[in-house]
>>> print(open('protein_31.pdb').read())   # PDB, C-alpha atoms
MODEL        1
ATOM      1  CA  MET A1033     -36.792 117.728 181.242  1.00  0.00           C
ATOM      2  CA  SER A1034     -38.347 119.733 184.043  1.00  0.00           C
ATOM      3  CA  GLN A1035     -41.519 121.759 183.544  1.00  0.00           C
ATOM      4  CA  GLN A1036     -39.649 124.907 184.447  1.00  0.00           C
ATOM      5  CA  SER A1037     -37.100 124.597 181.621  1.00  0.00           C
ATOM      6  CA  ALA A1038     -39.714 123.814 178.980  1.00  0.00           C
ATOM      7  CA  THR A1039     -42.371 126.292 180.046  1.00  0.00           C
ATOM      8  CA  GLU A1040     -44.063 128.606 177.565  1.00  0.00           C
ATOM      9  CA  VAL A1041     -47.096 130.825 178.066  1.00  0.00           C
ATOM     10  CA  ALA A1042     -50.181 131.260 175.885  1.00  0.00           C
ATOM     11  CA  ILE A1043     -52.898 133.841 176.597  1.00  0.00           C
ATOM     12  CA  LEU A1044     -56.286 133.468 174.929  1.00  0.00           C
ATOM     13  CA  GLY A1045     -59.705 135.062 175.161  1.00  0.00           C
ATOM     14  CA  GLY A1046     -62.733 133.397 173.617  1.00  0.00           C
ATOM     15  CA  GLY A1047     -65.789 134.349 175.625  1.00  0.00           C
ATOM     16  CA  CYS A1048     -66.213 133.453 179.263  1.00  0.00           C
ATOM     17  CA  PHE A1049     -62.929 132.314 180.767  1.00  0.00           C
ATOM     18  CA  TRP A1050     -64.655 129.423 182.563  1.00  0.00           C
ATOM     19  CA  CYS A1051     -65.153 127.673 179.212  1.00  0.00           C
ATOM     20  CA  LEU A1052     -61.570 127.943 178.044  1.00  0.00           C
ATOM     21  CA  GLU A1053     -60.184 127.112 181.469  1.00  0.00           C
ATOM     22  CA  ALA A1054     -62.239 123.908 181.748  1.00  0.00           C
ATOM     23  CA  VAL A1055     -61.054 122.667 178.360  1.00  0.00           C
ATOM     24  CA  TYR A1056     -57.383 123.484 178.753  1.00  0.00           C
ATOM     25  CA  LEU A1057     -57.236 121.961 182.242  1.00  0.00           C
ATOM     26  CA  GLU A1058     -57.880 118.648 180.472  1.00  0.00           C
ATOM     27  CA  ALA A1059     -55.249 119.110 177.759  1.00  0.00           C
ATOM     28  CA  ARG A1060     -52.074 117.076 177.969  1.00  0.00           C
ATOM     29  CA  GLY A1061     -48.961 119.251 178.177  1.00  0.00           C
ATOM     30  CA  ILE A1062     -50.704 122.158 179.864  1.00  0.00           C
ATOM     31  CA  PHE A1063     -49.806 122.167 183.526  1.00  0.00           C
ATOM     32  CA  ARG A1064     -51.217 125.501 184.702  1.00  0.00           C
ATOM     33  CA  VAL A1065     -54.355 127.366 183.674  1.00  0.00           C
ATOM     34  CA  GLU A1066     -55.430 130.635 185.252  1.00  0.00           C
ATOM     35  CA  SER A1067     -58.432 132.796 184.475  1.00  0.00           C
ATOM     36  CA  GLY A1068     -57.838 136.516 184.357  1.00  0.00           C
ATOM     37  CA  TYR A1069     -58.031 139.777 182.480  1.00  0.00           C
ATOM     38  CA  MET A1070     -55.902 141.443 179.813  1.00  0.00           C
ATOM     39  CA  GLY A1071     -56.121 144.183 177.246  1.00  0.00           C
ATOM     40  CA  GLY A1072     -57.720 147.044 179.125  1.00  0.00           C
ATOM     41  CA  GLU A1073     -56.878 150.383 180.649  1.00  0.00           C
ATOM     42  CA  ALA A1074     -57.734 150.059 184.350  1.00  0.00           C
ATOM     43  CA  PRO A1075     -55.051 148.689 186.682  1.00  0.00           C
ATOM     44  CA  ALA A1076     -56.066 145.625 188.730  1.00  0.00           C
ATOM     45  CA  PRO A1077     -59.641 145.355 187.426  1.00  0.00           C
ATOM     46  CA  THR A1078     -62.295 143.402 189.287  1.00  0.00           C
ATOM     47  CA  TYR A1079     -64.701 140.916 187.753  1.00  0.00           C
ATOM     48  CA  GLU A1080     -67.562 143.358 188.274  1.00  0.00           C
ATOM     49  CA  GLN A1081     -65.682 146.123 186.444  1.00  0.00           C
ATOM     50  CA  VAL A1082     -64.734 143.842 183.553  1.00  0.00           C
ATOM     51  CA  CYS A1083     -68.305 142.501 183.262  1.00  0.00           C
ATOM     52  CA  ALA A1084     -69.623 146.058 183.186  1.00  0.00           C
ATOM     53  CA  GLY A1085     -67.473 146.606 180.100  1.00  0.00           C
ATOM     54  CA  THR A1086     -65.865 149.754 181.512  1.00  0.00           C
ATOM     55  CA  THR A1087     -62.215 148.675 181.655  1.00  0.00           C
ATOM     56  CA  GLY A1088     -61.581 147.412 178.122  1.00  0.00           C
ATOM     57  CA  HIS A1089     -60.233 144.097 179.436  1.00  0.00           C
ATOM     58  CA  ALA A1090     -61.063 140.722 177.943  1.00  0.00           C
ATOM     59  CA  GLU A1091     -61.696 137.620 180.017  1.00  0.00           C
ATOM     60  CA  VAL A1092     -58.715 135.418 179.172  1.00  0.00           C
ATOM     61  CA  VAL A1093     -56.904 132.301 180.249  1.00  0.00           C
ATOM     62  CA  ARG A1094     -53.175 132.184 180.826  1.00  0.00           C
ATOM     63  CA  LEU A1095     -51.764 128.774 179.993  1.00  0.00           C
ATOM     64  CA  GLU A1096     -48.383 127.450 181.024  1.00  0.00           C
ATOM     65  CA  PHE A1097     -47.439 124.559 178.808  1.00  0.00           C
ATOM     66  CA  ASP A1098     -44.618 122.253 177.804  1.00  0.00           C
ATOM     67  CA  PRO A1099     -44.002 122.753 174.065  1.00  0.00           C
ATOM     68  CA  ASN A1100     -42.373 119.314 173.954  1.00  0.00           C
ATOM     69  CA  VAL A1101     -45.787 117.813 174.768  1.00  0.00           C
ATOM     70  CA  ILE A1102     -48.230 120.259 173.151  1.00  0.00           C
ATOM     71  CA  SER A1103     -47.320 122.889 170.598  1.00  0.00           C
ATOM     72  CA  TYR A1104     -48.592 126.451 170.524  1.00  0.00           C
ATOM     73  CA  ARG A1105     -50.170 125.553 167.184  1.00  0.00           C
ATOM     74  CA  ASP A1106     -52.067 122.673 168.823  1.00  0.00           C
ATOM     75  CA  ILE A1107     -53.279 125.036 171.539  1.00  0.00           C
ATOM     76  CA  LEU A1108     -54.588 127.419 168.872  1.00  0.00           C
ATOM     77  CA  GLU A1109     -56.285 124.639 166.918  1.00  0.00           C
ATOM     78  CA  ILE A1110     -58.157 123.689 170.078  1.00  0.00           C
ATOM     79  CA  PHE A1111     -58.975 127.375 170.662  1.00  0.00           C
ATOM     80  CA  PHE A1112     -60.518 127.797 167.211  1.00  0.00           C
ATOM     81  CA  THR A1113     -62.571 124.643 167.703  1.00  0.00           C
ATOM     82  CA  ILE A1114     -64.098 125.410 171.108  1.00  0.00           C
ATOM     83  CA  HIS A1115     -65.309 128.955 170.472  1.00  0.00           C
ATOM     84  CA  ASP A1116     -66.789 130.919 167.582  1.00  0.00           C
ATOM     85  CA  PRO A1117     -64.093 133.280 166.255  1.00  0.00           C
ATOM     86  CA  THR A1118     -66.532 134.897 163.815  1.00  0.00           C
ATOM     87  CA  THR A1119     -68.729 136.772 166.284  1.00  0.00           C
ATOM     88  CA  LEU A1120     -67.469 140.201 167.256  1.00  0.00           C
ATOM     89  CA  ASN A1121     -67.497 140.816 171.010  1.00  0.00           C
ATOM     90  CA  ARG A1122     -69.793 137.880 171.615  1.00  0.00           C
ATOM     91  CA  GLN A1123     -69.898 134.181 172.468  1.00  0.00           C
ATOM     92  CA  GLY A1124     -73.453 132.873 172.592  1.00  0.00           C
ATOM     93  CA  ASN A1125     -75.415 134.937 175.096  1.00  0.00           C
ATOM     94  CA  ASP A1126     -72.252 136.550 176.490  1.00  0.00           C
ATOM     95  CA  VAL A1127     -72.076 139.952 174.802  1.00  0.00           C
ATOM     96  CA  GLY A1128     -69.515 142.723 175.237  1.00  0.00           C
ATOM     97  CA  THR A1129     -65.887 143.512 174.482  1.00  0.00           C
ATOM     98  CA  GLN A1130     -64.866 141.473 177.537  1.00  0.00           C
ATOM     99  CA  TYR A1131     -65.963 138.353 175.594  1.00  0.00           C
ATOM    100  CA  ARG A1132     -64.029 139.132 172.412  1.00  0.00           C
ATOM    101  CA  SER A1133     -61.981 136.556 170.580  1.00  0.00           C
ATOM    102  CA  VAL A1134     -58.342 137.484 171.104  1.00  0.00           C
ATOM    103  CA  ILE A1135     -54.883 135.969 171.081  1.00  0.00           C
ATOM    104  CA  PHE A1136     -52.272 137.832 173.123  1.00  0.00           C
ATOM    105  CA  PHE A1137     -48.875 136.738 171.808  1.00  0.00           C
ATOM    106  CA  THR A1138     -45.705 136.736 173.890  1.00  0.00           C
ATOM    107  CA  SER A1139     -43.171 136.468 171.047  1.00  0.00           C
ATOM    108  CA  PRO A1140     -42.847 137.137 167.314  1.00  0.00           C
ATOM    109  CA  GLU A1141     -42.992 133.371 166.774  1.00  0.00           C
ATOM    110  CA  GLN A1142     -46.344 133.149 168.563  1.00  0.00           C
ATOM    111  CA  GLU A1143     -47.678 136.026 166.489  1.00  0.00           C
ATOM    112  CA  ALA A1144     -46.598 134.354 163.240  1.00  0.00           C
ATOM    113  CA  THR A1145     -48.121 131.025 164.321  1.00  0.00           C
ATOM    114  CA  ALA A1146     -51.378 132.716 165.341  1.00  0.00           C
ATOM    115  CA  ARG A1147     -51.701 134.495 161.999  1.00  0.00           C
ATOM    116  CA  LYS A1148     -50.921 131.300 160.086  1.00  0.00           C
ATOM    117  CA  VAL A1149     -53.447 129.213 162.034  1.00  0.00           C
ATOM    118  CA  MET A1150     -56.081 131.937 161.624  1.00  0.00           C
ATOM    119  CA  ALA A1151     -55.527 131.982 157.866  1.00  0.00           C
ATOM    120  CA  GLU A1152     -55.947 128.202 157.749  1.00  0.00           C
ATOM    121  CA  MET A1153     -59.057 128.324 159.946  1.00  0.00           C
ATOM    122  CA  ALA A1154     -60.654 130.909 157.662  1.00  0.00           C
ATOM    123  CA  ALA A1155     -61.460 128.036 155.306  1.00  0.00           C
ATOM    124  CA  VAL A1156     -63.304 126.175 158.082  1.00  0.00           C
ATOM    125  CA  TRP A1157     -65.687 128.949 159.122  1.00  0.00           C
ATOM    126  CA  ASP A1158     -68.580 130.291 157.048  1.00  0.00           C
ATOM    127  CA  ALA A1159     -68.006 133.895 158.174  1.00  0.00           C
ATOM    128  CA  PRO A1160     -64.822 135.976 158.496  1.00  0.00           C
ATOM    129  CA  ILE A1161     -62.702 135.405 161.594  1.00  0.00           C
ATOM    130  CA  VAL A1162     -62.678 138.504 163.836  1.00  0.00           C
ATOM    131  CA  THR A1163     -60.121 137.252 166.370  1.00  0.00           C
ATOM    132  CA  GLN A1164     -57.682 139.961 167.407  1.00  0.00           C
ATOM    133  CA  VAL A1165     -53.961 139.153 167.518  1.00  0.00           C
ATOM    134  CA  LEU A1166     -52.256 141.536 169.921  1.00  0.00           C
ATOM    135  CA  PRO A1167     -49.049 141.745 171.959  1.00  0.00           C
ATOM    136  CA  ALA A1168     -49.453 140.589 175.547  1.00  0.00           C
ATOM    137  CA  GLU A1169     -50.225 143.346 178.029  1.00  0.00           C
ATOM    138  CA  PRO A1170     -50.268 143.374 181.827  1.00  0.00           C
ATOM    139  CA  TRP A1171     -51.949 140.242 183.174  1.00  0.00           C
ATOM    140  CA  TYR A1172     -54.389 140.385 186.055  1.00  0.00           C
ATOM    141  CA  LYS A1173     -55.368 137.116 187.669  1.00  0.00           C
ATOM    142  CA  ALA A1174     -59.106 136.832 188.284  1.00  0.00           C
ATOM    143  CA  GLU A1175     -60.489 136.437 191.773  1.00  0.00           C
ATOM    144  CA  ASP A1176     -59.900 133.050 193.416  1.00  0.00           C
ATOM    145  CA  TYR A1177     -63.514 131.932 193.060  1.00  0.00           C
ATOM    146  CA  HIS A1178     -63.110 132.003 189.238  1.00  0.00           C
ATOM    147  CA  GLN A1179     -60.192 129.575 189.258  1.00  0.00           C
ATOM    148  CA  ASN A1180     -61.129 125.983 188.361  1.00  0.00           C
ATOM    149  CA  TYR A1181     -64.747 127.160 188.322  1.00  0.00           C
ATOM    150  CA  PHE A1182     -66.270 124.375 186.221  1.00  0.00           C
ATOM    151  CA  ALA A1183     -64.784 121.604 188.361  1.00  0.00           C
ATOM    152  CA  GLN A1184     -66.163 123.276 191.478  1.00  0.00           C
ATOM    153  CA  HIS A1185     -69.624 124.054 190.033  1.00  0.00           C
ATOM    154  CA  PRO A1186     -70.435 121.483 187.317  1.00  0.00           C
ATOM    155  CA  LEU A1187     -74.186 121.608 187.982  1.00  0.00           C
ATOM    156  CA  GLN A1188     -74.454 125.400 188.010  1.00  0.00           C
ATOM    157  CA  GLY A1189     -76.685 126.384 185.056  1.00  0.00           C
ATOM    158  CA  TYR A1190     -74.071 128.131 182.921  1.00  0.00           C
ATOM    159  CA  CYS A1191     -71.567 125.353 183.539  1.00  0.00           C
ATOM    160  CA  ALA A1192     -74.035 122.579 182.726  1.00  0.00           C
ATOM    161  CA  PHE A1193     -75.418 124.168 179.557  1.00  0.00           C
ATOM    162  CA  VAL A1194     -72.470 126.152 178.165  1.00  0.00           C
ATOM    163  CA  VAL A1195     -69.187 124.893 179.608  1.00  0.00           C
ATOM    164  CA  ALA A1196     -69.903 121.151 179.680  1.00  0.00           C
ATOM    165  CA  PRO A1197     -70.695 120.903 175.933  1.00  0.00           C
ATOM    166  CA  LYS A1198     -67.392 122.635 175.095  1.00  0.00           C
ATOM    167  CA  VAL A1199     -65.484 120.199 177.295  1.00  0.00           C
ATOM    168  CA  ALA A1200     -67.319 117.278 175.660  1.00  0.00           C
ATOM    169  CA  LYS A1201     -66.496 118.631 172.187  1.00  0.00           C
ATOM    170  CA  PHE A1202     -62.816 118.902 173.133  1.00  0.00           C
ATOM    171  CA  ARG A1203     -62.773 115.342 174.479  1.00  0.00           C
ATOM    172  CA  LYS A1204     -64.394 114.021 171.304  1.00  0.00           C
ATOM    173  CA  MET A1205     -62.372 115.982 168.758  1.00  0.00           C
ATOM    174  CA  PHE A1206     -58.977 115.885 170.469  1.00  0.00           C
ATOM    175  CA  THR A1207     -58.863 112.443 172.100  1.00  0.00           C
ATOM    176  CA  ASP A1208     -55.102 112.339 171.575  1.00  0.00           C
ATOM    177  CA  ARG A1209     -54.705 115.584 173.535  1.00  0.00           C
ATOM    178  CA  VAL A1210     -56.733 114.678 176.641  1.00  0.00           C
ATOM    179  CA  LYS A1211     -54.758 114.046 179.849  1.00  0.00           C
TER     180      LYS A1211
ENDMDL
END
>>> encode(input="protein_31.pdb", output="structure tokens")
Amino acid sequence: MSQQSATEVAILGGGCFWCLEAVYLEARGIFRVESGYMGGEAPAPTYEQVCAGTTGHAEVVRLEFDPNVISYRDILEIFFTIHDPTTLNRQGNDVGTQYRSVIFFTSPEQEATARKVMAEMAAVWDAPIVTQVLPAEPWYKAEDYHQNYFAQHPLQGYCAFVVAPKVAKFRKMFTDRVK
């Protein structure tokens, strides 16, 4: 079966998009990962505008995946493992609405799966999950220098101390899902 005929899209925000992008680039069944922005008011926002918190957008990743290889549920289980869904508008030292935990669904089935997985994950976390589940909105691809950022800058401070541990956690916990 060709990738085109089996393609689905997932859109997730869980802090800095570099972290999510780096993990999902290593996941089997995901063949395209793009960093970008969703969920705000301004058309075609820039990174500087989103970081300033003035547009309402979240940093997100847009995943194209083959559901015959990796399910949407599997993608969400990884998502809830590699970020903290209990901190409102924050991931570690990244603070602001642009770093919120959010799932943008593209179908009623995705919404139902997201709500089910969240309910199951509530038993795993010590605090309430604050992840938003919202319909997908216009997608804005981030600037080119944000794409595949971790692979291009593995020794950059943020990448070495924040992104790398998330990638290592994914590799350890989801060995059967690594490419």
>>> closest_residue(input="protein_31.pdb", among="A:Phe1206, A:Phe1193, A:Phe1111, A:Trp1171", to="His1089 of chain A", atoms="all atoms listed in the file")
A:Trp1171
>>> residues_around(input="protein_31.pdb", residues="Thr1207 of chain A", least_positions_apart="5", cutoff="10 Å", atoms="all atoms listed in the file", output="PyMOL selection string")
chain A and resi 1059+1201-1202
>>> atom_distance(input="protein_31.pdb", atom1="atom CA of Val1127 of chain A", atom2="atom CA of Gly1072 of chain A")
16.6 Å
>>> closest_residue(input="protein_31.pdb", among="A:Val1134, A:Ala1168, A:Leu1044, A:Ile1110", to="Met1153 of chain A", atoms="only C-alpha atoms")
A:Ile1110
>>> axis_aligned_box(input="protein_31.pdb", around="segment 1139-1154 of chain A", padding_each_side="6 Å", output="lines of an AutoDock Vina configuration file")
center_x = -51.8
center_y = 132.7
center_z = 164.4
size_x = 29.8
size_y = 20.9
size_z = 25.4
>>> resolve_selection(input="protein_31.pdb", expression="the PyMOL selection byres ((chain A and resi 1129) around 10)", output="ChimeraX atom specification")
/A:1047,1082-1091,1120-1122,1126-1128,1130-1133
>>> closest_residue(input="protein_31.pdb", among="A:Ala1183, A:Ala1151, A:Met1205, A:Ala1074", to="Trp1050 of chain A", atoms="all atoms listed in the file")
A:Ala1183
>>> closest_residue(input="protein_31.pdb", among="A:Ala1174, A:Leu1108, A:Val1156, A:Val1101", to="Phe1049 of chain A", atoms="all atoms listed in the file")
A:Ala1174
>>> closest_residue(input="protein_31.pdb", among="A:Gln1179, A:Ser1103, A:Ser1139, A:Gln1188", to="Leu1057 of chain A", atoms="all atoms listed in the file")
A:Gln1179
>>> residues_around(input="protein_31.pdb", residues="Phe1063 of chain A", least_positions_apart="3", cutoff="9 Å", atoms="all atoms listed in the file", output="list in words")
Gln1035, Leu1057, Ala1059, Arg1060, Leu1095, Glu1096, Phe1097 and Asp1098 of chain A
>>> write_last_selection(input="protein_31.pdb", atoms="C-alpha atoms", output="PDB file, in the frame of the given file")
ATOM      1  CA  GLN A1035     -41.519 121.759 183.544  1.00  0.00           C
ATOM      2  CA  LEU A1057     -57.236 121.961 182.242  1.00  0.00           C
ATOM      3  CA  ALA A1059     -55.249 119.110 177.759  1.00  0.00           C
ATOM      4  CA  ARG A1060     -52.074 117.076 177.969  1.00  0.00           C
ATOM      5  CA  LEU A1095     -51.764 128.774 179.993  1.00  0.00           C
ATOM      6  CA  GLU A1096     -48.383 127.450 181.024  1.00  0.00           C
ATOM      7  CA  PHE A1097     -47.439 124.559 178.808  1.00  0.00           C
ATOM      8  CA  ASP A1098     -44.618 122.253 177.804  1.00  0.00           C
TER       9      ASP A1098
END
>>> atom_distance(input="protein_31.pdb", atom1="atom CA of Lys1211 of chain A", atom2="atom CA of Ile1062 of chain A")
9.1 Å
>>> closest_residue(input="protein_31.pdb", among="A:Ala1076, A:Val1041, A:Ala1154, A:Ala1144", to="Glu1175 of chain A", atoms="all atoms listed in the file")
A:Ala1076
>>> resolve_selection(input="protein_31.pdb", expression="the PyMOL selection byres ((chain A and resi 1051) around 9)", output="NGL selection string")
:A and (1046-1050 or 1052-1056 or 1114-1115 or 1182 or 1191 or 1194-1196 or 1198-1199)
>>> atom_distance(input="protein_31.pdb", atom1="atom CA of Met1150 of chain A", atom2="atom CA of Ile1107 of chain A")
12.4 Å
>>> residues_around(input="protein_31.pdb", residues="Trp1157 of chain A", least_positions_apart="4", cutoff="10 Å", atoms="only C-alpha atoms", output="PyMOL selection string")
chain A and resi 1112+1116-1118+1152-1153+1161
>>> residues_near_point(input="protein_31.pdb", point="(-48.4, 142.2, 174.3)", cutoff="8 Å", atoms="all atoms listed in the file", output="list in words")
Phe1136, Phe1137, Thr1138, Leu1166, Pro1167, Ala1168, Glu1169 and Pro1170 of chain A
>>> write_last_selection(input="protein_31.pdb", atoms="C-alpha atoms", output="short mmCIF file (atom, residue, chain, number, x, y, z; two decimals), in the frame of the given file")
data_model
loop_
_atom_site.label_atom_id
_atom_site.label_comp_id
_atom_site.auth_asym_id
_atom_site.auth_seq_id
_atom_site.Cartn_x
_atom_site.Cartn_y
_atom_site.Cartn_z
CA PHE A 1136 -52.27 137.83 173.12
CA PHE A 1137 -48.88 136.74 171.81
CA THR A 1138 -45.70 136.74 173.89
CA LEU A 1166 -52.26 141.54 169.92
CA PRO A 1167 -49.05 141.74 171.96
CA ALA A 1168 -49.45 140.59 175.55
CA GLU A 1169 -50.22 143.35 178.03
CA PRO A 1170 -50.27 143.37 181.83
#
>>> resolve_selection(input="protein_31.pdb", expression="the PyMOL selection byres ((chain A and resi 1172) around 6)", output="ChimeraX atom specification")
/A:1068-1069,1171,1173
>>> decode(input="protein_31.pdb", residues="segment 1171-1185 of chain A", atoms="N, CA, C and O atoms", output="PDB file, in the first residue's frame")
ATOM      1  N   TRP A1171      -3.252  25.637   9.777  1.00  0.00           N
ATOM      2  CA  TRP A1171      -1.887  25.201  10.086  1.00  0.00           C
ATOM      3  C   TRP A1171      -0.903  26.161   9.443  1.00  0.00           C
ATOM      4  O   TRP A1171      -1.063  26.515   8.267  1.00  0.00           O
ATOM      5  N   TYR A1172       0.089  26.562  10.207  1.00  0.00           N
ATOM      6  CA  TYR A1172       1.147  27.412   9.666  1.00  0.00           C
ATOM      7  C   TYR A1172       2.475  26.725   9.931  1.00  0.00           C
ATOM      8  O   TYR A1172       2.868  26.540  11.082  1.00  0.00           O
ATOM      9  N   LYS A1173       3.142  26.361   8.866  1.00  0.00           N
ATOM     10  CA  LYS A1173       4.454  25.719   8.998  1.00  0.00           C
ATOM     11  C   LYS A1173       5.458  26.728   9.553  1.00  0.00           C
ATOM     12  O   LYS A1173       5.500  27.885   9.120  1.00  0.00           O
ATOM     13  N   ALA A1174       6.255  26.271  10.512  1.00  0.00           N
ATOM     14  CA  ALA A1174       7.288  27.134  11.094  1.00  0.00           C
ATOM     15  C   ALA A1174       8.390  27.382  10.062  1.00  0.00           C
ATOM     16  O   ALA A1174       8.530  26.654   9.076  1.00  0.00           O
ATOM     17  N   GLU A1175       9.182  28.376  10.351  1.00  0.00           N
ATOM     18  CA  GLU A1175      10.293  28.751   9.482  1.00  0.00           C
ATOM     19  C   GLU A1175      11.208  27.541   9.251  1.00  0.00           C
ATOM     20  O   GLU A1175      11.322  26.657  10.097  1.00  0.00           O
ATOM     21  N   ASP A1176      11.870  27.527   8.105  1.00  0.00           N
ATOM     22  CA  ASP A1176      12.700  26.385   7.714  1.00  0.00           C
ATOM     23  C   ASP A1176      13.746  26.016   8.767  1.00  0.00           C
ATOM     24  O   ASP A1176      14.029  24.841   8.956  1.00  0.00           O
ATOM     25  N   TYR A1177      14.324  26.995   9.438  1.00  0.00           N
ATOM     26  CA  TYR A1177      15.384  26.662  10.389  1.00  0.00           C
ATOM     27  C   TYR A1177      14.868  25.881  11.604  1.00  0.00           C
ATOM     28  O   TYR A1177      15.661  25.305  12.347  1.00  0.00           O
ATOM     29  N   HIS A1178      13.556  25.802  11.802  1.00  0.00           N
ATOM     30  CA  HIS A1178      12.988  25.006  12.898  1.00  0.00           C
ATOM     31  C   HIS A1178      12.780  23.548  12.506  1.00  0.00           C
ATOM     32  O   HIS A1178      12.607  22.698  13.374  1.00  0.00           O
ATOM     33  N   GLN A1179      12.784  23.255  11.226  1.00  0.00           N
ATOM     34  CA  GLN A1179      12.514  21.901  10.765  1.00  0.00           C
ATOM     35  C   GLN A1179      13.744  21.019  10.992  1.00  0.00           C
ATOM     36  O   GLN A1179      14.858  21.411  10.682  1.00  0.00           O
ATOM     37  N   ASN A1180      13.509  19.849  11.594  1.00  0.00           N
ATOM     38  CA  ASN A1180      14.591  18.896  11.880  1.00  0.00           C
ATOM     39  C   ASN A1180      15.683  19.549  12.736  1.00  0.00           C
ATOM     40  O   ASN A1180      16.870  19.294  12.569  1.00  0.00           O
ATOM     41  N   TYR A1181      15.265  20.385  13.660  1.00  0.00           N
ATOM     42  CA  TYR A1181      16.184  21.215  14.442  1.00  0.00           C
ATOM     43  C   TYR A1181      17.160  20.395  15.288  1.00  0.00           C
ATOM     44  O   TYR A1181      18.363  20.662  15.298  1.00  0.00           O
ATOM     45  N   PHE A1182      16.660  19.402  15.986  1.00  0.00           N
ATOM     46  CA  PHE A1182      17.519  18.608  16.873  1.00  0.00           C
ATOM     47  C   PHE A1182      18.628  17.892  16.097  1.00  0.00           C
ATOM     48  O   PHE A1182      19.783  17.888  16.524  1.00  0.00           O
ATOM     49  N   ALA A1183      18.288  17.324  14.956  1.00  0.00           N
ATOM     50  CA  ALA A1183      19.297  16.622  14.162  1.00  0.00           C
ATOM     51  C   ALA A1183      20.380  17.578  13.665  1.00  0.00           C
ATOM     52  O   ALA A1183      21.543  17.202  13.546  1.00  0.00           O
ATOM     53  N   GLN A1184      19.998  18.821  13.417  1.00  0.00           N
ATOM     54  CA  GLN A1184      20.953  19.805  12.920  1.00  0.00           C
ATOM     55  C   GLN A1184      21.772  20.459  14.034  1.00  0.00           C
ATOM     56  O   GLN A1184      22.840  20.996  13.768  1.00  0.00           O
ATOM     57  N   HIS A1185      21.245  20.445  15.266  1.00  0.00           N
ATOM     58  CA  HIS A1185      21.894  21.157  16.378  1.00  0.00           C
ATOM     59  C   HIS A1185      21.930  20.320  17.657  1.00  0.00           C
ATOM     60  O   HIS A1185      21.522  20.792  18.723  1.00  0.00           O
TER      61      HIS A1185
END
